[in-house]
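Below is final11.txt, holding compact mmCIF, C-alpha atoms and all ligand atoms.
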# COMPACT_ATOMS: atom_id res chain seq x y z
CA MET A 30 43.35 -32.74 5.07
CA SER A 31 41.05 -31.95 7.98
CA ALA A 32 39.07 -28.75 7.73
CA LYS A 33 39.22 -25.85 10.16
CA VAL A 34 35.85 -25.75 11.89
CA ILE A 35 34.34 -22.27 11.71
CA ASP A 36 32.73 -21.84 15.12
CA GLY A 37 29.51 -19.92 14.48
CA LYS A 38 28.58 -19.91 18.16
CA GLU A 39 31.78 -18.15 19.15
CA PHE A 40 31.59 -15.83 16.14
CA ALA A 41 27.99 -14.93 16.97
CA ALA A 42 28.91 -14.28 20.61
CA ASN A 43 31.54 -11.79 19.41
CA VAL A 44 29.05 -10.06 17.12
CA ARG A 45 26.52 -9.83 19.94
CA ALA A 46 29.16 -8.43 22.29
CA LYS A 47 30.10 -5.79 19.69
CA VAL A 48 26.44 -4.86 19.27
CA ALA A 49 25.94 -4.63 23.05
CA GLU A 50 29.03 -2.40 23.43
CA HIS A 51 27.81 -0.08 20.68
CA VAL A 52 24.30 0.02 22.18
CA ALA A 53 25.74 0.97 25.58
CA ARG A 54 27.71 3.82 23.95
CA LEU A 55 24.60 5.01 22.06
CA LYS A 56 22.62 5.14 25.28
CA GLU A 57 25.31 6.98 27.18
CA ALA A 58 26.36 9.45 24.50
CA ASN A 59 23.06 10.02 22.71
CA GLY A 60 20.33 8.83 25.06
CA ILE A 61 19.03 6.48 22.36
CA THR A 62 18.00 2.85 22.87
CA PRO A 63 17.52 0.80 19.69
CA GLY A 64 14.16 -0.99 19.58
CA LEU A 65 13.08 -4.11 17.67
CA ALA A 66 9.41 -4.99 17.14
CA VAL A 67 8.63 -8.60 16.30
CA VAL A 68 5.19 -9.49 14.98
CA LEU A 69 3.93 -13.06 15.24
CA VAL A 70 0.60 -14.07 13.72
CA GLY A 71 -0.79 -17.40 14.89
CA GLU A 72 0.63 -20.13 17.08
CA ASP A 73 3.14 -22.05 14.99
CA PRO A 74 5.32 -23.68 17.69
CA ALA A 75 8.62 -23.27 15.78
CA SER A 76 7.84 -19.59 15.11
CA GLU A 77 7.01 -19.07 18.80
CA VAL A 78 10.41 -20.47 19.77
CA TYR A 79 12.20 -18.20 17.26
CA VAL A 80 10.27 -15.12 18.42
CA ARG A 81 11.02 -15.82 22.10
CA SER A 82 14.66 -16.32 21.36
CA LYS A 83 14.82 -13.10 19.29
CA GLY A 84 13.16 -11.13 22.10
CA LYS A 85 15.55 -12.53 24.72
CA SER A 86 18.63 -11.80 22.60
CA THR A 87 17.42 -8.26 21.90
CA VAL A 88 17.08 -7.50 25.60
CA GLU A 89 20.46 -9.13 26.36
CA ALA A 90 22.05 -6.74 23.84
CA GLY A 91 20.60 -3.80 25.80
CA MET A 92 17.91 -3.00 23.23
CA ASN A 93 14.16 -2.67 23.66
CA SER A 94 12.06 -5.60 22.45
CA TYR A 95 8.41 -5.15 21.52
CA GLU A 96 6.51 -8.37 20.88
CA HIS A 97 3.15 -8.31 19.12
CA LYS A 98 1.29 -11.61 19.13
CA LEU A 99 -1.80 -11.66 16.95
CA ASP A 100 -4.48 -14.32 16.55
CA ALA A 101 -4.18 -16.73 13.63
CA ASP A 102 -7.33 -15.27 12.07
CA THR A 103 -6.13 -11.64 12.21
CA SER A 104 -7.27 -9.78 9.09
CA GLU A 105 -4.80 -8.32 6.63
CA ALA A 106 -6.19 -4.84 7.36
CA ASP A 107 -5.47 -5.21 11.09
CA LEU A 108 -1.96 -6.50 10.46
CA LEU A 109 -1.23 -3.65 8.03
CA ALA A 110 -2.60 -1.16 10.57
CA LEU A 111 -0.19 -2.50 13.21
CA ILE A 112 2.75 -2.26 10.79
CA ASP A 113 1.75 1.31 9.94
CA LYS A 114 1.75 2.15 13.65
CA LEU A 115 5.22 0.61 14.09
CA ASN A 116 6.51 2.39 10.96
CA ASN A 117 5.54 5.69 12.61
CA ASP A 118 6.82 4.88 16.10
CA PRO A 119 10.21 6.59 16.65
CA ALA A 120 11.09 4.12 19.44
CA VAL A 121 10.95 1.25 16.94
CA HIS A 122 14.02 1.05 14.67
CA GLY A 123 13.52 -2.48 13.38
CA ILE A 124 10.38 -4.41 12.43
CA LEU A 125 10.32 -8.14 11.79
CA VAL A 126 7.21 -10.05 10.76
CA GLN A 127 7.80 -13.71 11.54
CA LEU A 128 7.30 -15.93 8.49
CA PRO A 129 5.51 -18.04 7.41
CA LEU A 130 2.25 -16.12 7.79
CA PRO A 131 -1.12 -17.92 7.85
CA GLY A 132 -2.36 -18.69 4.34
CA HIS A 133 -5.03 -15.95 4.17
CA LEU A 134 -2.38 -13.22 4.49
CA ASN A 135 -0.38 -12.01 1.50
CA SER A 136 3.26 -12.18 2.70
CA ASP A 137 4.63 -10.00 -0.12
CA LEU A 138 2.08 -7.28 0.58
CA VAL A 139 2.76 -7.41 4.31
CA ILE A 140 6.57 -7.35 3.98
CA ASN A 141 6.42 -4.51 1.46
CA SER A 142 4.32 -2.46 3.87
CA ILE A 143 7.23 -2.26 6.32
CA ASP A 144 9.25 0.97 6.14
CA PRO A 145 12.37 -0.22 4.20
CA ALA A 146 14.59 1.65 6.68
CA LYS A 147 13.13 -0.52 9.49
CA ASP A 148 13.09 -3.77 7.46
CA VAL A 149 15.74 -5.60 9.50
CA ASP A 150 15.07 -8.87 7.65
CA GLY A 151 16.03 -7.16 4.37
CA PHE A 152 13.10 -8.75 2.50
CA HIS A 153 11.37 -5.51 1.35
CA ILE A 154 11.50 -5.13 -2.41
CA SER A 155 13.39 -1.80 -2.02
CA ASN A 156 16.12 -3.47 -0.01
CA VAL A 157 16.32 -6.34 -2.52
CA GLY A 158 16.76 -3.74 -5.29
CA LEU A 159 19.32 -1.73 -3.34
CA LEU A 160 21.38 -4.87 -2.62
CA GLY A 161 21.14 -5.94 -6.27
CA THR A 162 22.45 -2.57 -7.42
CA GLY A 163 25.25 -2.46 -4.86
CA GLN A 164 23.70 0.34 -2.78
CA LYS A 165 23.41 0.66 0.98
CA SER A 166 20.50 -1.52 2.15
CA MET A 167 19.27 -3.71 4.98
CA VAL A 168 20.80 -7.13 4.24
CA PRO A 169 19.03 -10.44 5.03
CA CYS A 170 20.43 -11.82 8.29
CA THR A 171 21.44 -15.37 7.31
CA PRO A 172 23.50 -14.44 4.23
CA LEU A 173 25.00 -11.48 6.13
CA GLY A 174 26.17 -13.90 8.82
CA CYS A 175 27.72 -16.17 6.17
CA LEU A 176 29.50 -13.20 4.59
CA MET A 177 30.94 -12.08 7.94
CA MET A 178 32.36 -15.56 8.60
CA LEU A 179 33.78 -15.80 5.07
CA ARG A 180 35.45 -12.38 5.31
CA ASP A 181 36.91 -13.30 8.66
CA HIS A 182 38.32 -16.57 7.33
CA HIS A 183 39.60 -15.37 3.95
CA GLY A 184 40.28 -11.68 4.40
CA SER A 185 39.59 -10.70 0.78
CA LEU A 186 37.12 -12.80 -1.24
CA SER A 187 38.09 -11.08 -4.49
CA GLY A 188 38.44 -13.40 -7.48
CA LEU A 189 37.36 -16.56 -5.64
CA ASP A 190 34.95 -18.94 -7.36
CA ALA A 191 31.77 -19.14 -5.28
CA VAL A 192 28.93 -21.59 -5.83
CA VAL A 193 25.65 -21.05 -4.00
CA VAL A 194 23.35 -24.06 -4.10
CA GLY A 195 19.79 -22.77 -3.65
CA ARG A 196 18.08 -19.71 -5.12
CA SER A 197 15.54 -18.69 -2.48
CA ASN A 198 14.80 -15.02 -1.87
CA ILE A 199 15.84 -15.25 1.77
CA VAL A 200 19.15 -17.12 1.44
CA GLY A 201 20.42 -18.15 -2.00
CA LYS A 202 19.84 -15.00 -4.04
CA PRO A 203 20.99 -12.43 -1.45
CA MET A 204 24.00 -14.64 -0.64
CA ALA A 205 24.98 -14.61 -4.30
CA GLN A 206 24.58 -10.80 -4.45
CA LEU A 207 26.78 -10.35 -1.41
CA LEU A 208 29.50 -12.61 -2.82
CA LEU A 209 29.33 -10.71 -6.11
CA GLY A 210 29.62 -7.48 -4.14
CA ASP A 211 32.87 -8.85 -2.68
CA SER A 212 34.10 -9.63 -6.23
CA CYS A 213 33.70 -13.40 -6.25
CA THR A 214 32.87 -15.14 -9.51
CA VAL A 215 29.45 -16.45 -8.57
CA THR A 216 27.40 -19.40 -9.79
CA ILE A 217 23.89 -19.98 -8.45
CA ALA A 218 22.83 -23.62 -8.67
CA HIS A 219 19.33 -25.03 -8.09
CA SER A 220 17.15 -28.07 -8.66
CA ARG A 221 17.44 -27.81 -12.46
CA THR A 222 21.24 -27.39 -12.55
CA LYS A 223 22.93 -29.96 -14.80
CA ASP A 224 25.77 -31.93 -13.25
CA LEU A 225 25.59 -30.26 -9.84
CA ALA A 226 28.55 -32.32 -8.60
CA GLU A 227 30.82 -30.85 -11.28
CA VAL A 228 29.56 -27.31 -10.60
CA CYS A 229 30.24 -27.71 -6.87
CA ARG A 230 33.75 -29.06 -7.51
CA ARG A 231 34.70 -25.68 -9.08
CA ALA A 232 33.96 -23.77 -5.88
CA ASP A 233 36.56 -22.14 -3.66
CA ILE A 234 33.53 -21.15 -1.58
CA LEU A 235 30.59 -23.56 -1.52
CA VAL A 236 27.39 -22.34 0.16
CA ALA A 237 24.68 -24.97 0.60
CA ALA A 238 21.16 -23.59 1.16
CA VAL A 239 18.97 -26.37 -0.11
CA GLY A 240 16.97 -27.89 2.74
CA ARG A 241 17.89 -31.50 1.89
CA PRO A 242 19.68 -33.45 4.62
CA GLU A 243 23.34 -34.22 3.83
CA MET A 244 22.78 -33.87 0.09
CA ILE A 245 26.33 -32.74 -0.74
CA PRO A 246 29.01 -35.43 -0.25
CA GLY A 247 32.74 -34.87 0.20
CA ASP A 248 33.62 -35.81 -3.37
CA TRP A 249 31.68 -32.75 -4.62
CA VAL A 250 34.04 -30.48 -2.67
CA LYS A 251 37.25 -29.05 -4.12
CA PRO A 252 40.20 -29.83 -1.81
CA GLY A 253 40.80 -26.84 0.47
CA ALA A 254 37.46 -25.15 -0.31
CA THR A 255 35.44 -23.30 2.32
CA VAL A 256 32.04 -24.94 2.91
CA ILE A 257 29.22 -22.89 4.44
CA ASP A 258 26.31 -25.11 5.39
CA VAL A 259 23.10 -23.11 5.81
CA GLY A 260 20.80 -26.12 5.95
CA ILE A 261 18.89 -27.01 9.09
CA ASN A 262 17.24 -30.41 8.72
CA ARG A 263 15.64 -32.42 11.51
CA ILE A 264 16.12 -36.13 10.93
CA GLU A 265 15.79 -39.33 12.93
CA ARG A 266 18.79 -41.69 12.98
CA ASP A 267 19.16 -44.82 15.09
CA GLY A 268 15.93 -43.87 16.84
CA LYS A 269 17.32 -40.46 17.86
CA LYS A 270 16.28 -37.01 16.63
CA LYS A 271 19.19 -35.10 15.14
CA LEU A 272 19.91 -31.78 13.36
CA VAL A 273 21.96 -32.07 10.18
CA GLY A 274 22.93 -29.66 7.43
CA ASP A 275 22.76 -29.86 3.67
CA VAL A 276 26.29 -31.26 3.44
CA GLU A 277 27.57 -34.61 4.63
CA TYR A 278 29.73 -33.22 7.40
CA GLU A 279 32.34 -35.95 7.91
CA SER A 280 33.19 -36.52 4.25
CA CYS A 281 33.16 -32.78 3.43
CA ALA A 282 35.30 -31.88 6.47
CA ALA A 283 37.88 -34.43 5.30
CA VAL A 284 38.36 -32.52 2.02
CA ALA A 285 37.49 -28.88 2.76
CA GLY A 286 39.87 -26.23 4.09
CA ALA A 287 37.18 -24.84 6.40
CA ILE A 288 33.61 -25.77 7.20
CA THR A 289 30.68 -24.61 9.33
CA PRO A 290 29.08 -27.34 11.47
CA VAL A 291 25.35 -27.91 11.99
CA PRO A 292 24.33 -27.06 14.64
CA GLY A 293 26.70 -24.30 15.76
CA GLY A 294 27.63 -22.77 12.39
CA VAL A 295 25.40 -20.43 10.41
CA GLY A 296 22.37 -20.78 12.74
CA PRO A 297 23.67 -18.70 15.67
CA MET A 298 24.81 -15.96 13.26
CA THR A 299 21.27 -15.30 12.04
CA ILE A 300 20.00 -13.82 15.32
CA ALA A 301 23.32 -12.04 15.90
CA CYS A 302 22.89 -10.34 12.51
CA LEU A 303 19.30 -9.42 13.32
CA LEU A 304 20.64 -7.51 16.34
CA ALA A 305 23.37 -5.96 14.18
CA ASN A 306 20.76 -4.86 11.61
CA THR A 307 18.57 -3.31 14.32
CA LEU A 308 21.55 -1.34 15.60
CA THR A 309 22.47 -0.28 12.06
CA ALA A 310 18.87 0.84 11.39
CA CYS A 311 18.88 2.85 14.62
CA CYS A 312 22.18 4.57 13.76
CA ARG A 313 20.95 5.43 10.26
CA ALA A 314 17.62 6.75 11.59
CA ASN A 315 19.52 9.09 13.90
CA GLY A 316 22.17 10.17 11.40
CA LEU A 317 24.90 8.52 13.47
CA ALA A 318 27.97 6.55 12.31
CA GLU A 319 27.19 2.90 11.65
CA PRO A 320 28.92 0.20 13.67
CA GLU A 321 32.04 -1.06 11.90
CA GLY A 322 32.18 -4.66 10.66
CA LEU A 323 28.50 -5.33 11.28
CA THR A 324 27.13 -4.45 7.84
CA ALA A 325 27.83 -5.75 4.33
P1 LIG A 401 13.91 -23.01 -0.04
O1 LIG A 401 13.16 -24.29 0.02
O2 LIG A 401 13.19 -21.74 -0.17
O3 LIG A 401 14.95 -23.10 -1.26
C1 LIG A 401 15.69 -24.26 -1.49
C2 LIG A 401 16.51 -24.11 -2.74
O4 LIG A 401 17.23 -25.32 -2.95
C3 LIG A 401 15.67 -23.87 -3.99
O5 LIG A 401 16.24 -22.86 -4.78
C4 LIG A 401 15.73 -25.22 -4.73
O6 LIG A 401 15.77 -25.12 -6.14
C5 LIG A 401 17.07 -25.75 -4.28
N1 LIG A 401 17.07 -27.22 -4.35
C6 LIG A 401 16.15 -28.07 -3.85
N2 LIG A 401 16.48 -29.34 -4.14
C7 LIG A 401 17.63 -29.28 -4.85
C8 LIG A 401 18.46 -30.25 -5.45
N3 LIG A 401 18.19 -31.56 -5.37
N4 LIG A 401 19.57 -29.84 -6.09
C9 LIG A 401 19.86 -28.53 -6.17
N5 LIG A 401 19.11 -27.55 -5.62
C10 LIG A 401 18.01 -27.93 -4.96
O7 LIG A 401 14.85 -23.02 1.24
P2 LIG A 401 15.58 -21.81 2.03
O8 LIG A 401 16.52 -21.09 1.14
O9 LIG A 401 14.57 -21.04 2.78
O10 LIG A 401 16.40 -22.65 3.10
C11 LIG A 401 17.41 -23.57 2.72
C12 LIG A 401 17.92 -24.28 3.95
O11 LIG A 401 18.49 -23.33 4.84
C13 LIG A 401 16.84 -24.99 4.77
O12 LIG A 401 17.39 -26.15 5.35
C14 LIG A 401 16.50 -24.01 5.87
O13 LIG A 401 16.02 -24.63 7.03
C15 LIG A 401 17.87 -23.40 6.10
N6 LIG A 401 17.82 -22.06 6.68
C16 LIG A 401 18.66 -21.83 7.71
C17 LIG A 401 18.71 -20.59 8.29
C18 LIG A 401 19.67 -20.38 9.41
O14 LIG A 401 19.49 -19.47 10.20
N7 LIG A 401 20.75 -21.16 9.48
C19 LIG A 401 17.86 -19.50 7.86
C20 LIG A 401 17.08 -19.80 6.68
C21 LIG A 401 17.07 -21.06 6.13
P3 LIG A 401 14.52 -24.62 -7.03
O15 LIG A 401 14.47 -23.13 -6.84
O16 LIG A 401 14.89 -25.03 -8.40
O17 LIG A 401 13.31 -25.31 -6.49
Target format structure tokens, applied to this file:
Amino acid sequence: MSAKVIDGKEFAANVRAKVAEHVARLKEANGITPGLAVVLVGEDPASEVYVRSKGKSTVEAGMNSYEHKLDADTSEADLLALIDKLNNDPAVHGILVQLPLPGHLNSDLVINSIDPAKDVDGFHISNVGLLGTGQKSMVPCTPLGCLMMLRDHHGSLSGLDAVVVGRSNIVGKPMAQLLLGDSCTVTIAHSRTKDLAEVCRRADILVAAVGRPEMIPGDWVKPGATVIDVGINRIERDGKKKLVGDVEYESCAAVAGAITPVPGGVGPMTIACLLANTLTACCRANGLAEPEGLTA
């Protein structure tokens, strides 16, 4: 069997086009332009690339982008004051604080100071609680993107066995909650899981969010399963730099029914979902109907 390749680039382009269409309608019918504020503290090169790319995508979708770049030694009080200002700014519908923050800043405190209604990353403790109790929330972008691709591929996920490898707060746990919300039977595996290979072999849906290059080989995959590879690992092979996922692509693709590649799978969906979340937050803030198919 050779797996269907789930094209995250194409999927993300469709999501972005849907967002842009909805934004254009909002502007025309209601005179509202959604706005996303991104806060970057310090000069981490990878974070700078992400922030630039988020800003560019926001503008391309017809939304306003507000970038706030702060010095690496910014005090917690100054950062909290900026977030308070953004919380109270009606032109800002989404706020994202780029992680990781410099070590002297308390990330939990900072994230929990964002108005939950504007928390487009879905990391605020209120949104985590709302998602966990099956209530309307802002959903973390990467797992939301995975869910959209899974729904598109399977239609209903009800009753499927899902295994999520990884239990981080930003990917593994919210992914598991979303799959549970769609009535999968969910197992969360992690570094202490016994016989991980056997656990993975049970999965109709296998989500790998580990951060270990090509850790999952094809013989851990149930024939016909859908494999969602969240991992982004930079490795060097034959003297060349390369991006690989958490699954061994060739051997997994030979067994799976469908698979996301790296790059070009989950990655592009993350920014697309950030735009979708900003639009959703804007619609909710204005008491307007939410865009269909762009929320959990
Ligand atoms: P974390 O490091 O926060 O979490 C990794 C998880 O994997 C932990 O729960 C850990 O278990 C588990 N783990 C580590 N080693 C093993 C092992 N040998 N066997 C089983 N489980 C293991 O990572 P993130 O969740 O933040 O990210 C995971 C991957 O996804 C990374 O490659 C990251 O770059 C990528 N990523 C991609 C995004 C995208 O847009 N595509 C967005 C976010 C992340 P334990 O808890 O026991 O330590």
**Request:** Could you give me the residues within 9 Å of ligand LIG 401 (chain A), counting all atoms listed in the file, as a ChimeraX atom specification?
**Result:** /A:170-172,174,194-202,217-222,225,237-242,244,258-263,273-275,291-292,294-300
Using only C-alpha atoms, please write the residues we just selected to a file, as a PDB file, in the frame of the given file.
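Written out: result_22.pdb:
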ATOM      1  CA  CYS A 170      20.430 -11.820   8.290  1.00  0.00           C
ATOM      2  CA  THR A 171      21.440 -15.370   7.310  1.00  0.00           C
ATOM      3  CA  PRO A 172      23.500 -14.440   4.230  1.00  0.00           C
ATOM      4  CA  GLY A 174      26.170 -13.900   8.820  1.00  0.00           C
ATOM      5  CA  VAL A 194      23.350 -24.060  -4.100  1.00  0.00           C
ATOM      6  CA  GLY A 195      19.790 -22.770  -3.650  1.00  0.00           C
ATOM      7  CA  ARG A 196      18.080 -19.710  -5.120  1.00  0.00           C
ATOM      8  CA  SER A 197      15.540 -18.690  -2.480  1.00  0.00           C
ATOM      9  CA  ASN A 198      14.800 -15.020  -1.870  1.00  0.00           C
ATOM     10  CA  ILE A 199      15.840 -15.250   1.770  1.00  0.00           C
ATOM     11  CA  VAL A 200      19.150 -17.120   1.440  1.00  0.00           C
ATOM     12  CA  GLY A 201      20.420 -18.150  -2.000  1.00  0.00           C
ATOM     13  CA  LYS A 202      19.840 -15.000  -4.040  1.00  0.00           C
ATOM     14  CA  ILE A 217      23.890 -19.980  -8.450  1.00  0.00           C
ATOM     15  CA  ALA A 218      22.830 -23.620  -8.670  1.00  0.00           C
ATOM     16  CA  HIS A 219      19.330 -25.030  -8.090  1.00  0.00           C
ATOM     17  CA  SER A 220      17.150 -28.070  -8.660  1.00  0.00           C
ATOM     18  CA  ARG A 221      17.440 -27.810 -12.460  1.00  0.00           C
ATOM     19  CA  THR A 222      21.240 -27.390 -12.550  1.00  0.00           C
ATOM     20  CA  LEU A 225      25.590 -30.260  -9.840  1.00  0.00           C
ATOM     21  CA  ALA A 237      24.680 -24.970   0.600  1.00  0.00           C
ATOM     22  CA  ALA A 238      21.160 -23.590   1.160  1.00  0.00           C
ATOM     23  CA  VAL A 239      18.970 -26.370  -0.110  1.00  0.00           C
ATOM     24  CA  GLY A 240      16.970 -27.890   2.740  1.00  0.00           C
ATOM     25  CA  ARG A 241      17.890 -31.500   1.890  1.00  0.00           C
ATOM     26  CA  PRO A 242      19.680 -33.450   4.620  1.00  0.00           C
ATOM     27  CA  MET A 244      22.780 -33.870   0.090  1.00  0.00           C
ATOM     28  CA  ASP A 258      26.310 -25.110   5.390  1.00  0.00           C
ATOM     29  CA  VAL A 259      23.100 -23.110   5.810  1.00  0.00           C
ATOM     30  CA  GLY A 260      20.800 -26.120   5.950  1.00  0.00           C
ATOM     31  CA  ILE A 261      18.890 -27.010   9.090  1.00  0.00           C
ATOM     32  CA  ASN A 262      17.240 -30.410   8.720  1.00  0.00           C
ATOM     33  CA  ARG A 263      15.640 -32.420  11.510  1.00  0.00           C
ATOM     34  CA  VAL A 273      21.960 -32.070  10.180  1.00  0.00           C
ATOM     35  CA  GLY A 274      22.930 -29.660   7.430  1.00  0.00           C
ATOM     36  CA  ASP A 275      22.760 -29.860   3.670  1.00  0.00           C
ATOM     37  CA  VAL A 291      25.350 -27.910  11.990  1.00  0.00           C
ATOM     38  CA  PRO A 292      24.330 -27.060  14.640  1.00  0.00           C
ATOM     39  CA  GLY A 294      27.630 -22.770  12.390  1.00  0.00           C
ATOM     40  CA  VAL A 295      25.400 -20.430  10.410  1.00  0.00           C
ATOM     41  CA  GLY A 296      22.370 -20.780  12.740  1.00  0.00           C
ATOM     42  CA  PRO A 297      23.670 -18.700  15.670  1.00  0.00           C
ATOM     43  CA  MET A 298      24.810 -15.960  13.260  1.00  0.00           C
ATOM     44  CA  THR A 299      21.270 -15.300  12.040  1.00  0.00           C
ATOM     45  CA  ILE A 300      20.000 -13.820  15.320  1.00  0.00           C
TER      46      ILE A 300
END
**Asked** In Å to one decimal, how far is CA of Gly64 in chain A from CA of Met92 in chain A?
**Response**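 Atom-to-atom, CA of Met92 in chain A to CA of Gly64 in chain A, that is 5.6 Å.
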**Asked** Hey, which of A:Arg45, A:Lys38, A:Arg230, A:Lys269 ends up closest to Ile245 in chain A? Count all atoms listed in the file.
**Response** A:Arg230
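Across the model, the gap from CA of Glu77 in chain A to CA of Ile35 in chain A is 28.4 Å.
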**Request:** Quick one: pull the distance between CA of Val149 in chain A and CA of His133 in chain A, Å, one decimal.
**Result:**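 CA of Val149 in chain A sits 23.8 Å away from CA of His133 in chain A.
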**Asked** Pick the closest to Glu227 in chain A from A:Cys281, A:Val250, A:Val276, A:Leu65: which is it, counting only C-alpha atoms?
**Response**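 With only C-alpha atoms as the atom set, the closest residue is A:Val250.
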Long-range neighbours of Asp144 in chain A as an mmCIF file with C-alpha atoms, in the coordinates of the input, 12 Å cut-off, only C-alpha atoms, 6 positions minimum in chain:
data_model
loop_
_atom_site.group_PDB
_atom_site.id
_atom_site.type_symbol
_atom_site.label_atom_id
_atom_site.label_comp_id
_atom_site.auth_asym_id
_atom_site.auth_seq_id
_atom_site.Cartn_x
_atom_site.Cartn_y
_atom_site.Cartn_z
ATOM 1 C CA LEU A 109 -1.230 -3.650 8.030
ATOM 2 C CA ILE A 112 2.750 -2.260 10.790
ATOM 3 C CA ASP A 113 1.750 1.310 9.940
ATOM 4 C CA LYS A 114 1.750 2.150 13.650
ATOM 5 C CA LEU A 115 5.220 0.610 14.090
ATOM 6 C CA ASN A 116 6.510 2.390 10.960
ATOM 7 C CA ASN A 117 5.540 5.690 12.610
ATOM 8 C CA ASP A 118 6.820 4.880 16.100
ATOM 9 C CA PRO A 119 10.210 6.590 16.650
ATOM 10 C CA VAL A 121 10.950 1.250 16.940
ATOM 11 C CA HIS A 122 14.020 1.050 14.670
ATOM 12 C CA GLY A 123 13.520 -2.480 13.380
ATOM 13 C CA ILE A 124 10.380 -4.410 12.430
ATOM 14 C CA LEU A 125 10.320 -8.140 11.790
ATOM 15 C CA ASP A 150 15.070 -8.870 7.650
ATOM 16 C CA GLY A 151 16.030 -7.160 4.370
ATOM 17 C CA PHE A 152 13.100 -8.750 2.500
ATOM 18 C CA HIS A 153 11.370 -5.510 1.350
ATOM 19 C CA ILE A 154 11.500 -5.130 -2.410
ATOM 20 C CA SER A 155 13.390 -1.800 -2.020
ATOM 21 C CA ASN A 156 16.120 -3.470 -0.010
ATOM 22 C CA MET A 167 19.270 -3.710 4.980
ATOM 23 C CA ALA A 310 18.870 0.840 11.390
ATOM 24 C CA ALA A 314 17.620 6.750 11.590
#
